[in-house]
file input04.txt (compact mmCIF, C-alpha atoms (C1' of nucleotides) and all ligand atoms)
# COMPACT_ATOMS: atom_id res chain seq x y z
CA MET A 195 134.51 190.33 132.10
CA MET A 196 132.78 192.67 134.46
CA LEU A 197 132.50 192.17 138.24
CA ARG A 198 134.06 188.75 138.48
CA LEU A 199 133.97 186.69 141.65
CA SER A 200 137.26 184.94 142.45
CA THR A 201 137.47 181.16 142.55
CA LYS A 202 138.00 181.36 146.28
CA GLY A 203 134.51 182.73 146.71
CA GLN A 204 132.99 180.33 144.23
CA TYR A 205 134.69 177.25 145.70
CA GLY A 206 133.84 178.45 149.18
CA VAL A 207 130.13 178.49 148.49
CA ARG A 208 130.28 175.08 146.85
CA ALA A 209 132.23 173.68 149.79
CA MET A 210 129.73 175.12 152.24
CA TYR A 211 126.98 173.47 150.26
CA GLU A 212 128.60 170.08 150.75
CA ILE A 213 129.12 170.71 154.45
CA ALA A 214 125.54 171.89 154.82
CA LYS A 215 124.30 168.59 153.43
CA GLY A 216 125.86 166.88 156.47
CA TYR A 217 124.06 169.17 158.90
CA PRO A 218 123.46 168.72 161.79
CA GLU A 219 125.45 165.60 162.64
CA THR A 220 127.60 164.19 159.88
CA PRO A 221 131.08 165.69 159.53
CA VAL A 222 132.16 166.14 155.94
CA THR A 223 135.84 165.67 155.14
CA ILE A 224 137.91 167.89 152.89
CA LYS A 225 138.56 164.88 150.71
CA GLU A 226 134.86 164.35 150.07
CA ILE A 227 134.37 167.98 149.20
CA SER A 228 137.42 167.86 146.96
CA GLU A 229 136.05 164.90 145.02
CA LYS A 230 132.49 166.10 144.66
CA GLN A 231 133.34 169.66 143.77
CA GLU A 232 136.56 169.00 141.89
CA VAL A 233 138.75 171.36 143.88
CA SER A 234 142.21 170.45 145.25
CA VAL A 235 142.50 169.48 148.91
CA ALA A 236 145.30 171.99 149.52
CA TYR A 237 143.29 174.89 148.14
CA LEU A 238 140.21 173.88 150.09
CA GLU A 239 142.25 173.86 153.29
CA GLN A 240 142.95 177.56 152.89
CA ILE A 241 139.35 178.35 152.18
CA LEU A 242 137.85 176.29 154.98
CA ASN A 243 140.40 177.68 157.39
CA LYS A 244 139.07 181.16 156.85
CA LEU A 245 135.49 180.04 157.23
CA ARG A 246 136.30 178.22 160.43
CA LYS A 247 137.99 181.26 161.92
CA ALA A 248 134.87 183.21 161.06
CA ASN A 249 132.81 180.69 163.03
CA LEU A 250 130.73 179.63 160.08
CA ILE A 251 131.92 176.05 160.47
CA LYS A 252 133.70 173.97 163.06
CA SER A 253 136.19 171.17 162.54
CA ILE A 254 136.57 167.78 164.16
CA LYS A 255 140.00 166.19 164.04
CA GLY A 256 141.02 162.58 163.77
CA PRO A 257 139.43 159.60 162.08
CA GLY A 258 135.72 160.11 161.53
CA GLY A 259 136.25 163.86 161.69
CA GLY A 260 135.55 166.59 159.19
CA TYR A 261 133.66 169.85 159.02
CA LEU A 262 130.26 170.76 160.41
CA LEU A 263 128.04 173.80 160.02
CA ASN A 264 127.79 175.97 163.13
CA LYS A 265 124.31 177.23 162.29
CA SER A 266 121.45 175.71 160.38
CA PRO A 267 121.64 176.05 156.59
CA ASP A 268 118.82 178.58 156.47
CA GLN A 269 120.81 180.89 158.71
CA VAL A 270 123.93 180.96 156.58
CA SER A 271 123.60 183.42 153.72
CA ILE A 272 125.76 183.49 150.63
CA ALA A 273 126.63 187.06 151.57
CA ALA A 274 128.08 185.87 154.87
CA ILE A 275 130.28 183.28 153.17
CA LEU A 276 131.60 185.64 150.51
CA ASN A 277 132.12 188.36 153.06
CA GLU A 278 134.67 186.20 154.86
CA LEU A 279 136.44 184.98 151.75
CA GLU A 280 136.55 188.13 149.69
CA GLY A 281 135.89 190.95 152.07
CA PRO A 282 132.89 193.26 151.92
CA VAL A 283 131.11 194.08 148.68
CA ALA A 284 132.84 197.21 147.40
CA ILE A 285 132.54 197.97 143.73
CA THR A 286 135.30 200.57 143.93
CA SER A 287 138.18 201.01 146.34
CA CYS A 288 136.64 204.34 147.30
CA LEU A 289 133.94 202.31 149.00
CA ASN A 290 136.38 200.12 150.85
CA PRO A 291 136.18 201.07 154.53
CA GLU A 292 139.95 200.58 154.82
CA GLU A 293 140.82 202.88 151.94
CA GLY A 294 138.30 205.65 151.45
CA CYS A 295 138.56 208.51 148.96
CA VAL A 296 139.17 212.23 149.16
CA ARG A 297 137.09 213.01 146.09
CA VAL A 298 134.01 211.32 147.46
CA ASP A 299 132.01 214.49 148.03
CA SER A 300 132.52 215.90 144.54
CA CYS A 301 132.35 212.55 142.79
CA VAL A 302 129.44 212.04 140.41
CA THR A 303 129.62 208.27 140.46
CA HIS A 304 130.14 207.54 144.10
CA LEU A 305 126.45 207.18 144.93
CA LEU A 306 126.00 204.93 141.93
CA TRP A 307 128.60 202.37 142.97
CA LYS A 308 127.38 202.55 146.51
CA ALA A 309 123.82 201.82 145.47
CA LEU A 310 124.90 198.96 143.26
CA GLY A 311 126.91 197.41 146.06
CA GLU A 312 123.98 197.64 148.42
CA LYS A 313 121.68 195.97 145.94
CA VAL A 314 124.10 193.10 145.46
CA GLU A 315 124.58 192.68 149.17
CA ALA A 316 120.85 192.71 149.79
CA PHE A 317 120.29 190.07 147.16
CA LEU A 318 123.03 187.75 148.41
CA SER A 319 121.67 188.09 151.93
CA THR A 320 118.35 186.62 150.92
CA ILE A 321 119.94 183.47 149.52
CA THR A 322 121.06 180.85 152.03
CA LEU A 323 122.57 177.40 151.91
CA LYS A 324 119.08 176.06 152.41
CA THR A 325 118.02 177.77 149.21
CA LEU A 326 120.75 175.82 147.42
CA ILE A 327 120.00 172.50 149.06
CA SER A 328 116.27 172.66 148.55
CA GLY A 329 116.72 173.49 144.88
CA ASP A 330 114.60 176.61 145.24
CA LEU A 331 116.95 178.67 143.15
CA TYR A 332 114.53 178.79 140.27
CA LYS A 333 112.27 180.84 142.52
CA ILE A 334 114.71 183.65 143.03
CA LYS A 335 113.19 185.82 140.39
CA GLU A 336 110.15 186.12 142.60
CA ILE A 337 112.25 186.90 145.65
CA SER A 338 113.36 189.85 143.51
CA MET B 267 137.10 193.31 148.29
CA MET B 268 134.25 191.58 146.56
CA LEU B 269 133.15 192.27 142.97
CA ARG B 270 135.47 195.13 142.20
CA LEU B 271 135.12 197.24 139.08
CA SER B 272 138.43 198.10 137.39
CA THR B 273 139.60 201.69 137.13
CA LYS B 274 139.10 201.52 133.40
CA GLY B 275 135.39 201.12 133.93
CA GLN B 276 135.22 203.73 136.64
CA TYR B 277 137.23 206.32 134.72
CA GLY B 278 135.26 205.52 131.59
CA VAL B 279 131.97 206.43 133.21
CA ARG B 280 133.41 209.62 134.65
CA ALA B 281 134.85 210.59 131.27
CA MET B 282 131.51 209.94 129.60
CA TYR B 283 129.89 212.17 132.16
CA GLU B 284 132.17 215.05 131.16
CA ILE B 285 131.54 214.44 127.48
CA ALA B 286 127.82 214.25 128.09
CA LYS B 287 127.87 217.70 129.64
CA GLY B 288 128.98 219.07 126.25
CA TYR B 289 126.06 217.45 124.44
CA PRO B 290 124.88 218.15 121.79
CA GLU B 291 127.35 220.67 120.37
CA THR B 292 130.42 221.37 122.45
CA PRO B 293 133.36 219.00 121.93
CA VAL B 294 135.17 218.12 125.14
CA THR B 295 138.94 217.59 124.96
CA ILE B 296 140.85 214.83 126.66
CA LYS B 297 142.80 217.47 128.52
CA GLU B 298 139.66 218.92 130.06
CA ILE B 299 138.49 215.51 131.14
CA SER B 300 141.91 214.75 132.53
CA GLU B 301 141.92 217.87 134.67
CA LYS B 302 138.39 217.63 135.94
CA GLN B 303 138.47 213.93 136.70
CA GLU B 304 142.12 213.66 137.67
CA VAL B 305 143.04 210.88 135.27
CA SER B 306 146.13 210.95 133.05
CA VAL B 307 145.72 211.94 129.40
CA ALA B 308 147.53 208.82 128.18
CA TYR B 309 145.25 206.48 130.08
CA LEU B 310 142.13 208.33 128.98
CA GLU B 311 143.24 207.95 125.38
CA GLN B 312 143.03 204.18 125.66
CA ILE B 313 139.64 204.32 127.29
CA LEU B 314 138.07 206.82 124.90
CA ASN B 315 139.46 204.89 121.96
CA LYS B 316 137.46 201.86 122.95
CA LEU B 317 134.32 203.89 123.45
CA ARG B 318 134.74 205.56 120.09
CA LYS B 319 135.16 202.24 118.30
CA ALA B 320 131.95 201.12 120.00
CA ASN B 321 130.20 204.18 118.54
CA LEU B 322 129.27 205.62 121.89
CA ILE B 323 131.20 208.80 121.11
CA LYS B 324 132.73 210.46 118.07
CA SER B 325 135.92 212.50 117.85
CA ILE B 326 136.76 215.75 116.09
CA LYS B 327 140.40 216.40 115.32
CA GLY B 328 142.33 219.62 115.25
CA PRO B 329 141.96 222.87 117.14
CA GLY B 330 138.54 223.27 118.69
CA GLY B 331 138.07 219.53 118.50
CA GLY B 332 137.36 216.96 121.15
CA TYR B 333 134.81 214.28 121.87
CA LEU B 334 131.05 214.33 121.44
CA LEU B 335 128.31 211.96 122.48
CA ASN B 336 126.72 210.05 119.60
CA LYS B 337 123.37 209.70 121.35
CA SER B 338 121.59 211.85 123.87
CA PRO B 339 122.63 211.32 127.50
CA ASP B 340 119.37 209.63 128.41
CA GLN B 341 120.05 206.96 125.81
CA VAL B 342 123.49 206.00 127.08
CA SER B 343 123.27 203.60 130.00
CA ILE B 344 126.04 202.85 132.43
CA ALA B 345 125.67 199.22 131.41
CA ALA B 346 126.49 200.10 127.81
CA ILE B 347 129.65 201.95 128.80
CA LEU B 348 130.93 199.24 131.10
CA ASN B 349 130.04 196.59 128.60
CA GLU B 350 132.53 198.05 126.14
CA LEU B 351 135.29 198.64 128.64
CA GLU B 352 135.06 195.49 130.70
CA GLY B 353 133.08 193.04 128.67
CA PRO B 354 129.72 191.60 129.69
CA VAL B 355 128.68 191.15 133.29
CA ALA B 356 129.75 187.62 134.20
CA ILE B 357 130.19 186.84 137.86
CA THR B 358 132.01 183.59 137.06
CA SER B 359 133.96 182.50 134.02
CA CYS B 360 131.39 179.70 133.62
CA LEU B 361 128.99 182.45 132.58
CA ASN B 362 131.37 183.97 130.09
CA PRO B 363 129.98 183.23 126.63
CA GLU B 364 133.53 182.68 125.36
CA GLU B 365 134.48 180.14 127.99
CA GLY B 366 131.52 178.16 129.26
CA CYS B 367 131.63 175.24 131.68
CA VAL B 368 131.17 171.49 131.49
CA ARG B 369 129.82 171.20 135.02
CA VAL B 370 127.06 173.69 134.40
CA ASP B 371 124.21 171.18 134.53
CA SER B 372 125.23 169.57 137.80
CA CYS B 373 126.41 172.81 139.40
CA VAL B 374 124.46 173.99 142.42
CA THR B 375 125.59 177.58 142.17
CA HIS B 376 125.33 178.28 138.48
CA LEU B 377 121.79 179.64 138.62
CA LEU B 378 122.73 181.82 141.56
CA TRP B 379 125.56 183.63 139.78
CA LYS B 380 123.49 183.91 136.68
CA ALA B 381 120.62 185.53 138.56
CA LEU B 382 122.97 187.92 140.33
CA GLY B 383 124.54 188.96 137.04
CA GLU B 384 121.15 189.60 135.53
CA LYS B 385 120.11 191.75 138.45
CA VAL B 386 123.25 193.84 138.18
CA GLU B 387 122.87 194.25 134.46
CA ALA B 388 119.23 195.26 134.80
CA PHE B 389 120.10 197.84 137.41
CA LEU B 390 122.93 199.38 135.42
CA SER B 391 120.70 199.54 132.38
CA THR B 392 118.25 201.80 134.15
CA ILE B 393 120.92 204.35 135.02
CA THR B 394 122.01 206.68 132.21
CA LEU B 395 124.34 209.62 131.81
CA LYS B 396 121.33 211.84 132.19
CA THR B 397 120.71 210.36 135.62
CA LEU B 398 124.22 211.43 136.59
CA ILE B 399 123.98 214.91 135.07
CA SER B 400 120.59 215.72 136.54
CA GLY B 401 121.74 214.65 139.98
CA ASP B 402 118.85 212.22 140.29
CA LEU B 403 121.02 209.54 141.78
CA TYR B 404 119.47 209.96 145.19
CA LYS B 405 116.25 208.68 143.66
CA ILE B 406 117.64 205.33 142.61
CA LYS B 407 116.33 203.53 145.60
CA GLU B 408 112.87 204.14 144.22
CA ILE B 409 113.88 202.96 140.78
CA SER B 410 114.47 199.69 142.65
C1' DT C 133 150.76 153.66 167.92
C1' DA C 134 149.53 154.23 163.36
C1' DA C 135 146.36 156.11 160.45
C1' DA C 136 142.99 159.69 159.65
C1' DA C 137 142.12 164.20 159.41
C1' DC C 138 142.73 168.92 160.18
C1' DC C 139 146.37 173.11 160.71
C1' DC C 140 149.70 176.44 159.14
C1' DT C 141 153.15 179.02 156.65
C1' DA C 142 155.74 179.87 152.84
C1' DC C 143 156.23 180.22 148.26
C1' DC C 144 155.35 180.60 143.34
C1' DA C 145 153.69 181.23 138.29
C1' DA C 146 150.45 183.30 135.48
C1' DA C 147 147.14 186.66 134.54
C1' DT C 148 145.31 191.09 135.06
C1' DT C 149 145.46 195.75 136.18
C1' DT C 150 147.03 200.18 135.71
C1' DG C 151 149.15 202.69 133.72
C1' DT C 152 153.50 205.23 130.73
C1' DC C 153 155.93 206.36 126.41
C1' DA C 154 156.87 207.55 121.82
C1' DA C 155 155.77 208.32 117.43
C1' DG C 156 152.38 208.93 114.52
C1' DT C 157 147.93 211.40 111.63
C1' DA C 158 144.32 214.77 110.77
C1' DT C 159 142.45 219.46 111.12
C1' DT C 160 142.15 224.27 111.25
C1' DA C 161 143.29 229.15 112.63
C1' DG C 162 145.83 232.76 110.96
C1' DC D 197 151.49 227.39 104.12
C1' DT D 198 152.44 226.15 108.54
C1' DA D 199 152.29 225.74 113.26
C1' DA D 200 149.59 224.53 116.93
C1' DT D 201 145.99 221.63 118.46
C1' DA D 202 144.08 217.39 119.21
C1' DC D 203 143.17 212.71 118.36
C1' DT D 204 145.44 207.66 117.07
C1' DT D 205 148.07 203.72 117.71
C1' DG D 206 151.00 200.20 119.46
C1' DA D 207 154.48 198.72 122.52
C1' DC D 208 155.87 198.02 126.97
C1' DA D 209 156.34 197.47 132.02
C1' DA D 210 155.61 197.82 137.11
C1' DA D 211 152.48 196.40 140.56
C1' DT D 212 148.89 193.71 142.14
C1' DT D 213 145.85 189.90 142.34
C1' DT D 214 144.71 185.31 141.39
C1' DG D 215 144.99 180.65 141.82
C1' DG D 216 147.04 177.76 143.34
C1' DT D 217 151.30 174.00 145.26
C1' DA D 218 154.49 172.17 148.75
C1' DG D 219 155.62 170.46 152.90
C1' DG D 220 155.74 170.25 157.19
C1' DG D 221 153.12 170.34 161.44
C1' DT D 222 149.25 168.87 165.31
C1' DT D 223 145.34 166.42 167.19
C1' DT D 224 142.34 162.55 167.71
C1' DT D 225 140.74 157.92 167.80
C1' DA D 226 140.46 152.99 166.56
S1 LIG E 1 136.68 208.83 142.92
FE1 LIG E 1 136.51 208.14 144.99
S2 LIG E 1 134.38 208.36 145.28
FE2 LIG E 1 134.52 208.71 143.15
S1 LIG E 2 131.38 175.18 138.01
FE1 LIG E 2 130.88 175.98 136.02
S2 LIG E 2 128.76 176.35 136.31
FE2 LIG E 2 129.36 175.93 138.34
call {"tool": "encode", "arguments": {"input": "input04.txt", "output": "structure tokens"}}
result
Amino acid sequence: MMLRLSTKGQYGVRAMYEIAKGYPETPVTIKEISEKQEVSVAYLEQILNKLRKANLIKSIKGPGGGYLLNKSPDQVSIAAILNELEGPVAITSCLNPEEGCVRVDSCVTHLLWKALGEKVEAFLSTITLKTLISGDLYKIKEIS
Amino acid sequence: MMLRLSTKGQYGVRAMYEIAKGYPETPVTIKEISEKQEVSVAYLEQILNKLRKANLIKSIKGPGGGYLLNKSPDQVSIAAILNELEGPVAITSCLNPEEGCVRVDSCVTHLLWKALGEKVEAFLSTITLKTLISGDLYKIKEIS
DNA sequence: TAAAACCCTACCAAATTTGTCAAGTATTAG
DNA sequence: CTAATACTTGACAAATTTGGTAGGGTTTTA
């Protein structure tokens, strides 16, 4: 199966969707997310922890607490969420800023993977949590 | 690193590029591919075997033998190559024809991953071995 | 002060990736 | 005929990634 997204990324987006529904005032607990999206509490903790450290969400402790979006849903792109959970889009490790590649100049495919990555990134940047909430996903063919 | 392509897919495309350069008459040996693309002979054997069974290339045994493209380079898309080596584009396992998902109807993200997969597939279908050989990759932004 | 809720680190099993190895079979040049 | 060339096949294994679980914290508020 080509170009798979890990469950961490998938669950992360679904969790952010639940949190976004509480915006701007109602904290959403991990337990609620866990029940609605059918993902274990322990696994969600890891995921939300990363997103909190990236300032995409904030947490409120104690009874009545939970998670809240830091920005409005239309300002949180899917690309931003996945970027935190899975690192940057990089089809090959040659494109990974941390790794690089010595063959890059003579490589016939380098530009191809780079272009593909950029297209994916551009697409995921146009989709936000608001797109998901408003059910406008069926329109994305027009967005291109 | 998000949406990584396995080395099998990467090496496969690079091997096909070498074979395409011999089109339509000159067989290219595994050894040549191995040297030019810096991939072990044993690993290439596995990869080329798959591509041969998929009828993308044919093999000629014995001295003077090697591999030949079955179709002209402009008729072999990158999508076709990767499809054989890595299976269909499927961002999530829910989109994998062999697996499926029970939550698909109530899932807020299903359409998103589906649309992304289709965009990727469409893009990779427009790029062929001829694109690589002719060095037209810098044009792909215009291709869209 | 007890319950609610988040925080953090360590650990683990299974799957996938990324190959290697060894022993074939088929073809042809000479 | 035969030796060299070149592809064919299947088994196997190390390394990495994935997809979590476990279990103990800490903070807040009713
Ligand atoms: S092998 Fe690294 S850029 Fe192609
Ligand atoms: S969980 Fe399977 S389609 Fe979203």
call {"tool": "residues_near_point", "arguments": {"input": "input04.txt", "point": "(140.8, 154.2, 169.0)", "cutoff": "12 Å", "atoms": "only C-alpha atoms (C1' of nucleotides)", "output": "list of chain:residue names"}}
result
A:Gly256, A:Pro257, A:Gly258, C:DT133, C:DA134, C:DA135, C:DA136, D:DT224, D:DT225, D:DA226
call {"tool": "residues_near_ligand", "arguments": {"input": "input04.txt", "ligand": "ligand LIG 2 (chain E)", "cutoff": "12 Å", "atoms": "only C-alpha atoms (C1' of nucleotides) and all ligand atoms", "output": "ChimeraX atom specification"}}
result
/A:201,203-209,230-233 /B:356-363,365-380
call {"tool": "atom_distance", "arguments": {"input": "input04.txt", "atom1": "atom CA of Val355 of chain B", "atom2": "atom CA of Leu197 of chain A"}}
result
6.3 Å
call {"tool": "residues_around", "arguments": {"input": "input04.txt", "residues": "Met210 of chain A", "least_positions_apart": "4", "cutoff": "9 Å", "atoms": "all atoms listed in the file", "output": "JSON, numbers by chain"}}
result
{"A": [205, 206, 214, 215, 242, 251, 263, 275, 323]}
call {"tool": "atom_distance", "arguments": {"input": "input04.txt", "atom1": "atom CA of Pro282 of chain A", "atom2": "atom CA of Leu250 of chain A"}}
result
16.0 Å
call {"tool": "closest_atom_pairs", "arguments": {"input": "input04.txt", "of": "chain D", "to": "chain B", "cutoff": "9 Å", "atoms": "all atoms listed in the file", "output": "Markdown table"}}
result
| residue | atom | partner | partner_atom | distance |
| --- | --- | --- | --- | --- |
| D:DA200 | C1' | B:Pro329 | CA | 7.8 |
| D:DT201 | C1' | B:Pro329 | CA | 4.4 |
| D:DA202 | C1' | B:Gly328 | CA | 4.9 |
| D:DC203 | C1' | B:Lys327 | CA | 5.5 |
| D:DT204 | C1' | B:Asn315 | CA | 8.2 |
call {"tool": "axis_aligned_box", "arguments": {"input": "input04.txt", "around": "segment 200-209 of chain D", "padding_each_side": "6 Å", "output": "lines of an AutoDock Vina configuration file"}}
result
center_x = 149.8
center_y = 211.0
center_z = 124.5
size_x = 25.2
size_y = 39.1
size_z = 27.1
call {"tool": "atom_distance", "arguments": {"input": "input04.txt", "atom1": "atom CA of Glu352 of chain B", "atom2": "atom C1' of DT150 of chain C"}}
result
13.8 Å
call {"tool": "residues_around", "arguments": {"input": "input04.txt", "residues": "Pro339 of chain B", "least_positions_apart": "2", "cutoff": "7 Å", "atoms": "all atoms listed in the file", "output": "list in words"}}
result
Ala286, Lys337, Gln341, Val342, Thr394, Leu395 and Lys396 of chain B
call {"tool": "residues_around", "arguments": {"input": "input04.txt", "residues": "Leu334 of chain B", "least_positions_apart": "5", "cutoff": "7 Å", "atoms": "all atoms listed in the file", "output": "MDAnalysis selection string"}}
result
chainID B and resid 285 289 293:294 323:325
call {"tool": "build_atoms", "arguments": {"input": "input04.txt", "residues": "segment 319-334 of chain A", "atoms": "N, CA, C and O atoms", "output": "CSV table (one decimal), in the frame of the given file"}}
result
chain,number,residue,atom,x,y,z
A,319,SER,N,122.1,188.4,150.6
A,319,SER,CA,121.7,188.1,151.9
A,319,SER,C,120.4,187.3,152.0
A,319,SER,O,120.1,186.6,153.0
A,320,THR,N,119.6,187.4,150.9
A,320,THR,CA,118.4,186.6,150.9
A,320,THR,C,118.5,185.2,150.5
A,320,THR,O,117.7,184.3,150.7
A,321,ILE,N,119.7,184.8,149.9
A,321,ILE,CA,119.9,183.5,149.5
A,321,ILE,C,120.8,182.8,150.6
A,321,ILE,O,121.8,183.3,151.0
A,322,THR,N,120.3,181.6,151.0
A,322,THR,CA,121.1,180.8,152.0
A,322,THR,C,121.5,179.5,151.5
A,322,THR,O,121.1,179.1,150.4
A,323,LEU,N,122.2,178.8,152.3
A,323,LEU,CA,122.6,177.4,151.9
A,323,LEU,C,121.3,176.5,151.7
A,323,LEU,O,121.3,175.6,150.9
A,324,LYS,N,120.3,176.8,152.5
A,324,LYS,CA,119.1,176.1,152.4
A,324,LYS,C,118.5,176.3,151.0
A,324,LYS,O,117.9,175.3,150.4
A,325,THR,N,118.5,177.5,150.6
A,325,THR,CA,118.0,177.8,149.2
A,325,THR,C,118.7,176.8,148.2
A,325,THR,O,118.0,176.3,147.3
A,326,LEU,N,120.0,176.7,148.3
A,326,LEU,CA,120.8,175.8,147.4
A,326,LEU,C,120.4,174.4,147.6
A,326,LEU,O,120.1,173.7,146.6
A,327,ILE,N,120.3,173.9,148.8
A,327,ILE,CA,120.0,172.5,149.1
A,327,ILE,C,118.6,172.1,148.6
A,327,ILE,O,118.4,171.1,148.0
A,328,SER,N,117.7,173.0,148.9
A,328,SER,CA,116.3,172.7,148.6
A,328,SER,C,116.0,172.8,147.1
A,328,SER,O,114.9,172.5,146.6
A,329,GLY,N,116.9,173.3,146.3
A,329,GLY,CA,116.7,173.5,144.9
A,329,GLY,C,115.7,174.6,144.6
A,329,GLY,O,115.1,174.5,143.5
A,330,ASP,N,115.6,175.5,145.4
A,330,ASP,CA,114.6,176.6,145.2
A,330,ASP,C,115.2,177.8,144.4
A,330,ASP,O,114.5,178.8,144.4
A,331,LEU,N,116.3,177.6,143.8
A,331,LEU,CA,117.0,178.7,143.2
A,331,LEU,C,116.1,179.2,142.0
A,331,LEU,O,116.2,180.4,141.7
A,332,TYR,N,115.3,178.3,141.4
A,332,TYR,CA,114.5,178.8,140.3
A,332,TYR,C,113.5,179.8,140.7
A,332,TYR,O,112.9,180.5,139.9
A,333,LYS,N,113.3,179.9,142.0
A,333,LYS,CA,112.3,180.8,142.5
A,333,LYS,C,112.8,182.2,142.7
A,333,LYS,O,112.1,183.2,143.0
A,334,ILE,N,114.1,182.4,142.6
A,334,ILE,CA,114.7,183.6,143.0
A,334,ILE,C,114.3,184.9,142.2
A,334,ILE,O,114.4,186.0,142.7
